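Peer 1: This is upload_23.cif (mmCIF, C-alpha atoms and all ligand atoms).
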data_final
#
loop_
_atom_site.group_PDB
_atom_site.id
_atom_site.type_symbol
_atom_site.label_atom_id
_atom_site.label_comp_id
_atom_site.auth_asym_id
_atom_site.auth_seq_id
_atom_site.Cartn_x
_atom_site.Cartn_y
_atom_site.Cartn_z
ATOM 1 C CA MET A 1269 0.000 0.000 0.000
ATOM 2 C CA GLN A 1270 2.886 2.301 0.805
ATOM 3 C CA ASP A 1271 4.184 1.669 -2.749
ATOM 4 C CA ARG A 1272 0.820 2.562 -4.217
ATOM 5 C CA TYR A 1273 0.040 5.659 -2.150
ATOM 6 C CA GLY A 1274 3.520 6.848 -1.119
ATOM 7 C CA GLN A 1275 3.406 9.732 -3.624
ATOM 8 C CA SER A 1276 0.007 10.975 -2.457
ATOM 9 C CA PRO A 1277 0.127 14.434 -0.805
ATOM 10 C CA PHE A 1278 -2.043 12.923 1.950
ATOM 11 C CA PHE A 1279 0.192 9.887 2.585
ATOM 12 C CA SER A 1280 1.454 9.321 6.111
ATOM 13 C CA LYS A 1281 2.881 6.110 7.529
ATOM 14 C CA LEU A 1282 1.198 6.818 10.854
ATOM 15 C CA ASP A 1283 -2.220 7.124 9.188
ATOM 16 C CA LEU A 1284 -1.582 3.876 7.306
ATOM 17 C CA GLU A 1285 -0.770 2.091 10.554
ATOM 18 C CA LEU A 1286 -3.819 3.546 12.278
ATOM 19 C CA ILE A 1287 -6.031 2.378 9.413
ATOM 20 C CA LEU A 1288 -4.602 -1.138 9.712
ATOM 21 C CA CYS A 1289 -5.142 -1.084 13.499
ATOM 22 C CA TYR A 1290 -8.733 -0.009 12.894
ATOM 23 C CA CYS A 1291 -9.353 -2.767 10.334
ATOM 24 C CA LEU A 1292 -7.769 -5.405 12.585
ATOM 25 C CA GLY A 1293 -9.865 -4.318 15.579
ATOM 26 C CA GLU A 1294 -13.176 -5.787 16.614
ATOM 27 C CA GLY A 1295 -16.482 -4.229 17.631
ATOM 28 C CA GLY A 1296 -15.378 -0.699 16.749
ATOM 29 C CA ALA A 1297 -12.261 -0.876 18.960
ATOM 30 C CA SER A 1298 -8.949 -0.495 17.121
ATOM 31 C CA LYS A 1299 -5.873 -2.571 17.914
ATOM 32 C CA ASP A 1300 -2.954 -0.658 19.454
ATOM 33 C CA ARG A 1301 -0.088 0.306 17.166
ATOM 34 C CA SER A 1302 2.171 -1.782 19.393
ATOM 35 C CA PHE A 1303 0.177 -4.814 18.200
ATOM 36 C CA LEU A 1304 1.372 -4.214 14.611
ATOM 37 C CA ALA A 1305 4.985 -3.915 15.754
ATOM 38 C CA ALA A 1306 4.706 -7.068 17.879
ATOM 39 C CA HIS A 1307 3.040 -9.122 15.116
ATOM 40 C CA PRO A 1308 4.786 -8.443 11.798
ATOM 41 C CA GLU A 1309 3.650 -11.921 10.678
ATOM 42 C CA ILE A 1310 -0.057 -11.086 11.003
ATOM 43 C CA GLU A 1311 -2.198 -11.883 7.978
ATOM 44 C CA ILE A 1312 -5.393 -10.005 7.396
ATOM 45 C CA ASN A 1313 -8.542 -11.783 6.234
ATOM 46 C CA PHE A 1314 -10.588 -10.864 3.161
ATOM 47 C CA ASP A 1315 -13.044 -8.564 4.970
ATOM 48 C CA GLN A 1316 -10.273 -6.753 6.809
ATOM 49 C CA GLY A 1317 -8.387 -6.377 3.524
ATOM 50 C CA MET A 1318 -11.428 -4.893 1.771
ATOM 51 C CA ALA A 1319 -12.064 -2.494 4.656
ATOM 52 C CA ALA A 1320 -8.405 -1.429 4.605
ATOM 53 C CA GLU A 1321 -8.480 -0.912 0.804
ATOM 54 C CA ILE A 1322 -11.534 1.335 1.069
ATOM 55 C CA ALA A 1323 -10.191 3.311 4.029
ATOM 56 C CA VAL A 1324 -6.770 3.768 2.437
ATOM 57 C CA HIS A 1325 -8.347 4.957 -0.810
ATOM 58 C CA LYS A 1326 -10.520 7.478 1.044
ATOM 59 C CA ARG A 1327 -7.558 8.762 3.035
ATOM 60 C CA PHE A 1328 -4.744 8.862 0.496
ATOM 61 C CA SER A 1329 -6.585 9.332 -2.818
ATOM 62 C CA GLU A 1330 -9.484 11.517 -1.754
ATOM 63 C CA GLY A 1331 -7.888 13.185 1.269
ATOM 64 C CA GLU A 1332 -10.738 12.402 3.653
ATOM 65 C CA PRO A 1333 -9.562 13.147 7.207
ATOM 66 C CA LEU A 1334 -8.560 10.055 9.154
ATOM 67 C CA ALA A 1335 -10.909 10.963 12.030
ATOM 68 C CA TYR A 1336 -13.964 10.687 9.750
ATOM 69 C CA ILE A 1337 -12.759 7.352 8.374
ATOM 70 C CA LEU A 1338 -12.200 5.952 11.861
ATOM 71 C CA GLY A 1339 -15.324 7.723 13.191
ATOM 72 C CA LYS A 1340 -13.489 9.058 16.227
ATOM 73 C CA LYS A 1341 -10.969 11.611 17.423
ATOM 74 C CA GLU A 1342 -9.142 11.835 20.722
ATOM 75 C CA PHE A 1343 -9.581 15.064 22.651
ATOM 76 C CA TYR A 1344 -8.117 15.663 26.112
ATOM 77 C CA GLY A 1345 -7.530 11.915 26.516
ATOM 78 C CA ARG A 1346 -11.015 10.744 25.530
ATOM 79 C CA ASP A 1347 -12.400 9.466 22.229
ATOM 80 C CA PHE A 1348 -15.199 11.513 20.649
ATOM 81 C CA CYS A 1349 -17.390 10.139 17.862
ATOM 82 C CA VAL A 1350 -17.103 12.339 14.793
ATOM 83 C CA ASP A 1351 -18.499 12.354 11.295
ATOM 84 C CA ASN A 1352 -19.075 14.989 8.648
ATOM 85 C CA ARG A 1353 -21.816 16.658 10.724
ATOM 86 C CA VAL A 1354 -19.221 18.087 13.116
ATOM 87 C CA LEU A 1355 -15.808 19.700 13.102
ATOM 88 C CA ILE A 1356 -12.976 17.346 14.046
ATOM 89 C CA PRO A 1357 -11.705 18.491 17.455
ATOM 90 C CA ARG A 1358 -8.283 20.123 17.150
ATOM 91 C CA PRO A 1359 -5.407 19.823 19.639
ATOM 92 C CA GLU A 1360 -5.220 23.623 20.048
ATOM 93 C CA THR A 1361 -8.785 23.611 21.417
ATOM 94 C CA GLU A 1362 -7.500 21.712 24.468
ATOM 95 C CA THR A 1363 -6.045 25.081 25.498
ATOM 96 C CA LEU A 1364 -9.582 26.270 26.213
ATOM 97 C CA ILE A 1365 -10.063 23.427 28.690
ATOM 98 C CA ASN A 1366 -6.855 24.422 30.500
ATOM 99 C CA ALA A 1367 -8.117 28.008 30.659
ATOM 100 C CA VAL A 1368 -11.463 26.890 32.121
ATOM 101 C CA LYS A 1369 -9.709 24.762 34.745
ATOM 102 C CA LYS A 1370 -7.516 27.668 35.768
ATOM 103 C CA ILE A 1371 -10.458 30.073 36.099
ATOM 104 C CA VAL A 1372 -12.656 27.622 38.029
ATOM 105 C CA GLY A 1373 -9.951 26.433 40.439
ATOM 106 C CA GLU A 1374 -11.531 25.072 43.617
ATOM 107 C CA LYS A 1375 -14.888 26.773 43.062
ATOM 108 C CA GLN A 1376 -16.533 24.272 40.713
ATOM 109 C CA ASP A 1377 -20.013 24.422 42.213
ATOM 110 C CA GLN A 1378 -20.210 28.192 41.705
ATOM 111 C CA PHE A 1379 -19.798 27.993 37.927
ATOM 112 C CA LEU A 1380 -22.048 27.748 34.907
ATOM 113 C CA LEU A 1381 -20.233 27.053 31.632
ATOM 114 C CA VAL A 1382 -21.889 27.711 28.289
ATOM 115 C CA ASP A 1383 -20.114 26.231 25.269
ATOM 116 C CA VAL A 1384 -21.276 28.129 22.184
ATOM 117 C CA GLY A 1385 -20.820 26.191 18.938
ATOM 118 C CA THR A 1386 -20.473 22.921 20.790
ATOM 119 C CA GLY A 1387 -20.172 20.669 17.697
ATOM 120 C CA SER A 1388 -19.083 17.215 18.893
ATOM 121 C CA ALA A 1389 -19.430 18.519 22.489
ATOM 122 C CA CYS A 1390 -15.700 17.984 22.959
ATOM 123 C CA ILE A 1391 -15.401 21.129 25.097
ATOM 124 C CA ALA A 1392 -18.695 20.761 26.977
ATOM 125 C CA ALA A 1393 -18.269 17.064 27.781
ATOM 126 C CA THR A 1394 -14.597 17.446 28.707
ATOM 127 C CA VAL A 1395 -15.316 20.303 31.112
ATOM 128 C CA LYS A 1396 -18.102 18.277 32.723
ATOM 129 C CA LEU A 1397 -15.893 15.221 33.123
ATOM 130 C CA GLU A 1398 -12.857 17.147 34.355
ATOM 131 C CA LEU A 1399 -14.849 19.474 36.634
ATOM 132 C CA PRO A 1400 -18.000 17.478 37.548
ATOM 133 C CA LYS A 1401 -19.571 20.139 39.770
ATOM 134 C CA VAL A 1402 -19.603 22.797 37.049
ATOM 135 C CA GLN A 1403 -23.016 23.089 35.390
ATOM 136 C CA VAL A 1404 -22.528 22.789 31.629
ATOM 137 C CA VAL A 1405 -24.674 23.820 28.664
ATOM 138 C CA GLY A 1406 -23.718 23.157 25.034
ATOM 139 C CA VAL A 1407 -25.270 25.267 22.302
ATOM 140 C CA ASP A 1408 -25.220 24.802 18.537
ATOM 141 C CA ILE A 1409 -27.220 26.152 15.625
ATOM 142 C CA SER A 1410 -26.919 22.846 13.781
ATOM 143 C CA GLU A 1411 -29.401 20.121 14.612
ATOM 144 C CA TRP A 1412 -27.040 17.604 13.002
ATOM 145 C CA ALA A 1413 -24.158 18.659 15.203
ATOM 146 C CA LEU A 1414 -26.386 18.404 18.264
ATOM 147 C CA THR A 1415 -27.215 14.793 17.364
ATOM 148 C CA VAL A 1416 -23.507 13.951 17.441
ATOM 149 C CA ALA A 1417 -23.064 15.998 20.629
ATOM 150 C CA LYS A 1418 -25.834 13.964 22.294
ATOM 151 C CA GLU A 1419 -24.213 10.717 21.200
ATOM 152 C CA ASN A 1420 -20.928 11.822 22.782
ATOM 153 C CA VAL A 1421 -22.293 13.122 26.084
ATOM 154 C CA ASP A 1422 -24.342 9.913 26.481
ATOM 155 C CA LYS A 1423 -21.421 7.650 25.597
ATOM 156 C CA LEU A 1424 -19.063 9.480 27.958
ATOM 157 C CA GLY A 1425 -21.629 9.845 30.738
ATOM 158 C CA ALA A 1426 -21.262 13.632 30.819
ATOM 159 C CA GLU A 1427 -24.270 15.483 32.179
ATOM 160 C CA VAL A 1428 -24.535 18.334 29.678
ATOM 161 C CA GLU A 1429 -27.653 20.268 28.689
ATOM 162 C CA LEU A 1430 -27.822 20.663 24.902
ATOM 163 C CA LEU A 1431 -29.680 23.497 23.252
ATOM 164 C CA GLN A 1432 -30.310 24.527 19.660
ATOM 165 C CA SER A 1433 -29.744 28.247 19.385
ATOM 166 C CA ASP A 1434 -28.261 30.915 17.170
ATOM 167 C CA LEU A 1435 -25.306 31.798 19.399
ATOM 168 C CA LEU A 1436 -26.696 32.842 22.807
ATOM 169 C CA GLU A 1437 -30.146 33.819 21.553
ATOM 170 C CA LYS A 1438 -32.074 31.056 23.357
ATOM 171 C CA VAL A 1439 -29.902 30.881 26.466
ATOM 172 C CA ASP A 1440 -31.813 32.217 29.464
ATOM 173 C CA PHE A 1441 -29.146 33.157 31.993
ATOM 174 C CA SER A 1442 -31.737 33.937 34.662
ATOM 175 C CA ALA A 1443 -32.601 30.215 34.755
ATOM 176 C CA TYR A 1444 -29.250 29.313 36.322
ATOM 177 C CA ASP A 1445 -28.545 29.957 39.966
ATOM 178 C CA LYS A 1446 -24.771 30.300 39.851
ATOM 179 C CA GLU A 1447 -22.367 33.042 40.922
ATOM 180 C CA SER A 1448 -19.966 32.799 38.019
ATOM 181 C CA LEU A 1449 -20.317 32.289 34.295
ATOM 182 C CA ILE A 1450 -17.820 31.171 31.678
ATOM 183 C CA ILE A 1451 -18.818 31.384 28.030
ATOM 184 C CA VAL A 1452 -16.502 29.417 25.753
ATOM 185 C CA ALA A 1453 -16.853 30.021 22.039
ATOM 186 C CA ASN A 1454 -15.002 28.135 19.349
ATOM 187 C CA LEU A 1455 -17.050 29.577 16.508
ATOM 188 C CA PRO A 1456 -16.344 29.401 12.776
ATOM 189 C CA TYR A 1457 -13.390 31.719 12.141
ATOM 190 C CA VAL A 1458 -11.869 30.681 8.806
ATOM 191 C CA ASP A 1459 -12.038 33.187 5.968
ATOM 192 C CA LYS A 1460 -12.615 31.435 2.646
ATOM 193 C CA ASN A 1461 -9.992 33.675 1.035
ATOM 194 C CA TRP A 1462 -7.115 32.478 3.223
ATOM 195 C CA ASP A 1463 -4.565 30.782 1.017
ATOM 196 C CA TRP A 1464 -3.501 28.083 3.506
ATOM 197 C CA ILE A 1465 -6.879 26.358 3.489
ATOM 198 C CA SER A 1466 -6.203 22.658 3.022
ATOM 199 C CA ARG A 1467 -8.212 20.341 0.776
ATOM 200 C CA GLU A 1468 -9.120 18.260 3.809
ATOM 201 C CA LEU A 1469 -11.261 21.103 5.181
ATOM 202 C CA ALA A 1470 -13.686 20.457 2.319
ATOM 203 C CA PHE A 1471 -14.888 17.368 4.221
ATOM 204 C CA GLU A 1472 -15.903 19.357 7.303
ATOM 205 C CA PRO A 1473 -19.197 21.270 7.628
ATOM 206 C CA GLU A 1474 -19.064 24.790 6.207
ATOM 207 C CA THR A 1475 -21.125 26.141 9.121
ATOM 208 C CA ALA A 1476 -18.405 24.941 11.488
ATOM 209 C CA LEU A 1477 -15.555 26.596 9.620
ATOM 210 C CA TYR A 1478 -16.265 29.713 7.648
ATOM 211 C CA ALA A 1479 -17.191 33.248 8.562
ATOM 212 C CA ARG A 1480 -17.144 36.524 6.662
ATOM 213 C CA ASP A 1481 -15.252 39.676 7.611
ATOM 214 C CA GLY A 1482 -11.783 38.125 7.771
ATOM 215 C CA GLY A 1483 -13.331 35.189 9.631
ATOM 216 C CA LEU A 1484 -14.484 37.420 12.489
ATOM 217 C CA ALA A 1485 -18.148 37.980 11.613
ATOM 218 C CA GLU A 1486 -19.580 35.349 13.951
ATOM 219 C CA ILE A 1487 -17.236 36.227 16.816
ATOM 220 C CA LYS A 1488 -18.239 39.896 16.543
ATOM 221 C CA ARG A 1489 -21.928 38.990 16.426
ATOM 222 C CA PHE A 1490 -21.384 36.747 19.467
ATOM 223 C CA LEU A 1491 -19.756 39.599 21.419
ATOM 224 C CA GLN A 1492 -22.684 41.859 20.581
ATOM 225 C CA GLN A 1493 -25.020 39.191 21.958
ATOM 226 C CA VAL A 1494 -22.866 38.934 25.091
ATOM 227 C CA GLU A 1495 -23.371 42.664 25.541
ATOM 228 C CA GLU A 1496 -27.154 42.298 25.158
ATOM 229 C CA LYS A 1497 -27.419 39.318 27.473
ATOM 230 C CA VAL A 1498 -25.045 40.470 30.187
ATOM 231 C CA SER A 1499 -26.463 43.984 30.415
ATOM 232 C CA ASP A 1500 -29.975 42.575 30.925
ATOM 233 C CA LYS A 1501 -31.107 43.212 34.501
ATOM 234 C CA CYS A 1502 -31.950 39.490 34.907
ATOM 235 C CA CYS A 1503 -28.312 38.513 34.410
ATOM 236 C CA ASN A 1504 -26.841 38.545 37.893
ATOM 237 C CA PHE A 1505 -23.521 36.742 37.776
ATOM 238 C CA ASP A 1506 -20.783 38.191 39.975
ATOM 239 C CA ASN A 1507 -18.037 37.060 37.600
ATOM 240 C CA ILE A 1508 -18.260 36.572 33.864
ATOM 241 C CA TYR A 1509 -15.521 35.272 31.590
ATOM 242 C CA VAL A 1510 -15.452 34.844 27.828
ATOM 243 C CA ILE A 1511 -12.940 32.480 26.235
ATOM 244 C CA LEU A 1512 -12.546 32.641 22.462
ATOM 245 C CA GLU A 1513 -10.639 30.467 20.028
ATOM 246 C CA LEU A 1514 -9.380 32.207 16.906
ATOM 247 C CA ASP A 1515 -6.451 32.297 14.513
ATOM 248 C CA SER A 1516 -3.336 34.101 15.764
ATOM 249 C CA SER A 1517 -3.585 36.520 12.807
ATOM 250 C CA GLN A 1518 -7.025 37.629 14.039
ATOM 251 C CA LYS A 1519 -6.019 38.695 17.535
ATOM 252 C CA ASP A 1520 -4.936 42.240 16.771
ATOM 253 C CA PRO A 1521 -7.907 43.029 14.507
ATOM 254 C CA LEU A 1522 -10.315 41.607 17.095
ATOM 255 C CA LEU A 1523 -8.707 43.478 20.001
ATOM 256 C CA LYS A 1524 -8.945 46.700 17.957
ATOM 257 C CA TYR A 1525 -12.606 45.989 17.237
ATOM 258 C CA ILE A 1526 -13.274 45.390 20.950
ATOM 259 C CA GLU A 1527 -11.461 48.567 21.926
ATOM 260 C CA LYS A 1528 -13.541 50.545 19.439
ATOM 261 C CA THR A 1529 -16.829 48.862 20.269
ATOM 262 C CA PHE A 1530 -16.752 48.315 24.013
ATOM 263 C CA SER A 1531 -14.772 51.199 25.421
ATOM 264 C CA GLY A 1532 -16.537 54.483 26.088
ATOM 265 C CA ASN A 1533 -20.105 54.505 27.227
ATOM 266 C CA GLN A 1534 -21.113 50.972 26.305
ATOM 267 C CA ARG A 1535 -23.116 48.752 28.623
ATOM 268 C CA ILE A 1536 -20.291 46.303 29.267
ATOM 269 C CA LYS A 1537 -16.512 46.368 29.456
ATOM 270 C CA LEU A 1538 -14.374 43.562 28.104
ATOM 271 C CA LYS A 1539 -11.005 43.339 29.812
ATOM 272 C CA GLN A 1540 -8.445 40.948 28.408
ATOM 273 C CA ASN A 1541 -6.997 38.658 31.089
ATOM 274 C CA LYS A 1542 -3.496 37.677 29.995
ATOM 275 C CA LYS A 1543 -2.721 35.647 33.118
ATOM 276 C CA ILE A 1544 -4.940 32.646 32.422
ATOM 277 C CA LEU A 1545 -3.159 31.309 29.356
ATOM 278 C CA ALA A 1546 0.468 30.235 29.484
ATOM 279 C CA GLN A 1547 2.866 31.429 26.808
ATOM 280 C CA GLY A 1548 2.233 29.414 23.671
ATOM 281 C CA GLU A 1549 -1.320 28.613 24.790
ATOM 282 C CA ASP A 1550 -2.218 32.190 23.901
ATOM 283 C CA ASN A 1551 -1.581 31.685 20.162
ATOM 284 C CA PHE A 1552 -5.114 30.538 19.455
ATOM 285 C CA ALA A 1553 -7.174 31.892 22.317
ATOM 286 C CA LEU A 1554 -8.180 35.043 24.141
ATOM 287 C CA VAL A 1555 -9.664 35.294 27.637
ATOM 288 C CA PHE A 1556 -11.769 38.267 28.735
ATOM 289 C CA GLU A 1557 -13.404 39.331 31.947
ATOM 290 C CA VAL A 1558 -16.752 40.982 31.341
ATOM 291 C CA CYS A 1559 -18.030 43.723 33.642
ATOM 292 C CA LYS A 1560 -21.289 45.578 33.510
ATOM 293 C CA ALA A 1561 -20.488 49.251 33.053
ATOM 294 C CA ILE A 1562 -21.750 51.319 35.976
ATOM 295 C CA ALA A 1563 -24.682 53.443 34.843
HETATM 296 C C1 LIG I 1601 -15.375 25.571 14.929
HETATM 297 S S1 LIG I 1601 -16.741 24.500 15.258
HETATM 298 C C2 LIG I 1601 -16.377 24.080 16.946
HETATM 299 C C3 LIG I 1601 -16.886 22.740 17.365
HETATM 300 C C4 LIG I 1601 -16.388 22.292 18.748
HETATM 301 N N1 LIG I 1601 -16.770 23.221 19.775
HETATM 302 C C5 LIG I 1601 -14.883 22.138 18.760
HETATM 303 O O1 LIG I 1601 -14.211 22.920 19.432
HETATM 304 O O2 LIG I 1601 -14.367 21.247 18.084
HETATM 305 C C6 LIG I 1601 -18.027 25.670 15.321
HETATM 306 C C7 LIG I 1601 -19.398 25.160 15.721
HETATM 307 O O3 LIG I 1601 -20.250 26.310 15.821
HETATM 308 C C8 LIG I 1601 -21.502 26.002 15.275
HETATM 309 N N2 LIG I 1601 -22.114 27.268 14.854
HETATM 310 C C9 LIG I 1601 -21.879 27.976 13.728
HETATM 311 N N3 LIG I 1601 -22.633 29.099 13.714
HETATM 312 C C10 LIG I 1601 -23.339 29.087 14.873
HETATM 313 C C11 LIG I 1601 -24.301 29.967 15.430
HETATM 314 N N4 LIG I 1601 -24.680 31.077 14.805
HETATM 315 N N5 LIG I 1601 -24.848 29.648 16.624
HETATM 316 C C12 LIG I 1601 -24.481 28.511 17.279
HETATM 317 N N6 LIG I 1601 -23.585 27.630 16.781
HETATM 318 C C13 LIG I 1601 -23.010 27.923 15.599
HETATM 319 C C14 LIG I 1601 -21.217 25.024 14.147
HETATM 320 O O4 LIG I 1601 -22.361 24.258 13.837
HETATM 321 C C15 LIG I 1601 -20.063 24.220 14.737
HETATM 322 O O5 LIG I 1601 -20.534 23.080 15.402
#
Rewrite the structure of this file - the entire thing - as structure tokens.
Peer 2:
Amino acid sequence: MQDRYGQSPFFSKLDLELILCYCLGEGGASKDRSFLAAHPEIEINFDQGMAAEIAVHKRFSEGEPLAYILGKKEFYGRDFCVDNRVLIPRPETETLINAVKKIVGEKQDQFLLVDVGTGSACIAATVKLELPKVQVVGVDISEWALTVAKENVDKLGAEVELLQSDLLEKVDFSAYDKESLIIVANLPYVDKNWDWISRELAFEPETALYARDGGLAEIKRFLQQVEEKVSDKCCNFDNIYVILELDSSQKDPLLKYIEKTFSGNQRIKLKQNKKILAQGEDNFALVFEVCKAIA
């Protein structure tokens, strides 16, 4: 197979091994890679061979992401089911979990976490499993994504409320009796005109990836909704944090937008907190504290 697909721009020996492990596994569970190394003599049967042929073709000829072929992706040490209804969780998104853990500290039972654009529920379910006393809500506009999210929270035993909503529109903050709120948003932030966009992105849902205005349109709309929601007199959290994932090239334009939009006599103030993320973690994320402006 390596001879046949070695020239493919998508070829990787690791992916080939993982496909073989998947085809050799039983009941949806892959064999470990160490199994391949320990059993160089292993012969695969006809069905396993056919499955491997199909998977290898999809991966190395068509460029389909490995996670969709295997139907799963590891995130923060747990496997999440994924298919083309949801974005494949990315390693950089694990940074957001670290940020949540740092903010919450020992005060789990005081926190509500709302994960906007929950997709596979990788953020929502991970927060619930890592910090079981935090109340967690996952929101997505896509009914399809929410079906996958439900599958994951059920499979992992994570108690997460799932809600279909355009950003925060349907989230009623007055319904939650908590002192502190964290809103995590990994929204679509890819601009279709960026030249680094890989062919593999074509397999992922457009609603999960792309946004207008240099990729910032949905993030800006989200921040405007935060302003609406937080300045409502029914929203009574003592502490409010917003954690955003974005591309490193978008940080300066977004910070300028926030400065222009939320300084002065607006209803809320957004103050960047640079202490939560370690150096390197801050490449793809921003953390803000949100305060109601005093009337
Ligand atoms: C970049 S993906 C993030 C998925 C997941 N949270 C993760 O980190 O892997 C963005 C998600 O936001 C959802 N989304 C896009 N526009 C939305 C909107 N207006 N309101 C709520 N969710 C939205 C998409 O359906 C998609 O699941």
Peer 1: Please find the residues contacting ligand LIG 1601 (chain I) at a distance of at most 7 Å between atoms, with all atoms listed in the file counted, and report them as a short mmCIF file (atom, residue, chain, number, x, y, z; two decimals) with C-alpha atoms, in the coordinates of the input.
Peer 2:
data_model
loop_
_atom_site.label_atom_id
_atom_site.label_comp_id
_atom_site.auth_asym_id
_atom_site.auth_seq_id
_atom_site.Cartn_x
_atom_site.Cartn_y
_atom_site.Cartn_z
CA VAL A 1354 -19.22 18.09 13.12
CA LEU A 1355 -15.81 19.70 13.10
CA ILE A 1356 -12.98 17.35 14.05
CA PRO A 1357 -11.70 18.49 17.45
CA ARG A 1358 -8.28 20.12 17.15
CA THR A 1361 -8.78 23.61 21.42
CA VAL A 1384 -21.28 28.13 22.18
CA GLY A 1385 -20.82 26.19 18.94
CA THR A 1386 -20.47 22.92 20.79
CA GLY A 1387 -20.17 20.67 17.70
CA SER A 1388 -19.08 17.22 18.89
CA ALA A 1389 -19.43 18.52 22.49
CA CYS A 1390 -15.70 17.98 22.96
CA ILE A 1391 -15.40 21.13 25.10
CA VAL A 1407 -25.27 25.27 22.30
CA ASP A 1408 -25.22 24.80 18.54
CA ILE A 1409 -27.22 26.15 15.62
CA SER A 1410 -26.92 22.85 13.78
CA ALA A 1413 -24.16 18.66 15.20
CA SER A 1433 -29.74 28.25 19.39
CA ASP A 1434 -28.26 30.92 17.17
CA LEU A 1435 -25.31 31.80 19.40
CA ASN A 1454 -15.00 28.14 19.35
CA LEU A 1455 -17.05 29.58 16.51
CA PRO A 1456 -16.34 29.40 12.78
CA THR A 1475 -21.12 26.14 9.12
CA ALA A 1476 -18.40 24.94 11.49
CA LEU A 1477 -15.56 26.60 9.62
CA GLU A 1486 -19.58 35.35 13.95
#
Peer 1: Which residues, named as in the file, does the PyMOL selection byres (((chain A and resi 1431) around 8) and not hetatm) pick out? Answer as a ChimeraX atom specification.
Peer 2: /A:1405-1408,1414,1429-1430,1432-1433,1438
Peer 1: Please return, as a VMD selection string, all polymer residues that have at least one atom within 12 Å of the point (-6.7, 12.9, 5.6); use only C-alpha atoms and the file's own coordinate frame.
Peer 2: chain A and resid 1276 to 1284 1286 to 1287 1323 to 1338 1356 1466 to 1472
Peer 1: Residues at most 8 Å from range 1491-1502 of chain A, counting all atoms listed in the file, excluding those fewer than 5 positions away in the same chain, as a VMD selection string?
Peer 2: chain A and resid 1435 to 1437 1441 to 1442 1535 to 1536 1560
Peer 1: Please determine an axis-aligned box that encloses all atoms of range 1286-1291 of chain A listed in the file, with 4 Å added on each side, and express its centre and edge lengths in Å to one decimal as lines of an AutoDock Vina configuration file.
Peer 2:
center_x = -6.6
center_y = 0.4
center_z = 11.5
size_x = 13.5
size_y = 14.3
size_z = 12.1
Peer 1: Please provide the set of residues having any atom within 10 Å of Glu1398 in chain A, restricted to only C-alpha atoms, with same-chain residues fewer than 6 positions apart removed, written as a PDB file with C-alpha atoms, in the frame of the given file.
Peer 2:
ATOM      1  CA  TYR A1344      -8.117  15.663  26.112  1.00  0.00           C
ATOM      2  CA  ILE A1365     -10.063  23.427  28.690  1.00  0.00           C
ATOM      3  CA  LYS A1369      -9.709  24.762  34.745  1.00  0.00           C
ATOM      4  CA  ALA A1426     -21.262  13.632  30.819  1.00  0.00           C
TER       5      ALA A1426
END
Peer 1: Carefully work through the PyMOL selection byres (((chain A and resi 1545) around 9) and not hetatm) for this structure and note down the residues it includes, as JSON, numbers by chain.
Peer 2: {"A": [1363, 1364, 1366, 1367, 1370, 1541, 1542, 1543, 1544, 1546, 1547, 1548, 1549, 1550, 1553, 1554, 1555]}
Peer 1: In Å, with one decimal, what is the gap from CA of Glu1513 in chain A to CA of Ala1561 in chain A?
Peer 2: 24.9 Å
Peer 1: Give me the residues within 6 Å of range 1348-1350 of chain A as an mmCIF file with C-alpha atoms, keeping the file's coordinate frame, counting all atoms listed in the file and dropping any in the same chain fewer than 2 places off.
Peer 2:
data_model
loop_
_atom_site.group_PDB
_atom_site.id
_atom_site.type_symbol
_atom_site.label_atom_id
_atom_site.label_comp_id
_atom_site.auth_asym_id
_atom_site.auth_seq_id
_atom_site.Cartn_x
_atom_site.Cartn_y
_atom_site.Cartn_z
ATOM 1 C CA GLY A 1339 -15.324 7.723 13.191
ATOM 2 C CA LYS A 1340 -13.489 9.058 16.227
ATOM 3 C CA LYS A 1341 -10.969 11.611 17.423
#
Peer 1: For the atom pair CA of Arg1489 in chain A and CA of Asp1506 in chain A, what is the interatomic distance in Å to one decimal place?
Peer 2: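 One can read the CA of Arg1489 in chain A to CA of Asp1506 in chain A distance as 23.6 Å.
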Peer 1: So the first atom is CA of Arg1346 in chain A and the second is CA of Thr1394 in chain A; what is the distance between them in Å, to one decimal place?
Peer 2: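 One can read the CA of Arg1346 in chain A to CA of Thr1394 in chain A distance as 8.2 Å.
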Peer 1: List the spatial neighbours of range 1444-1447 of chain A as number ranges by chain - criterion: any atom at most 9 Å away, only C-alpha atoms, same-chain residues fewer than 3 positions off excluded.
Peer 2: A: 1377-1380, 1403, 1440-1441, 1504-1508
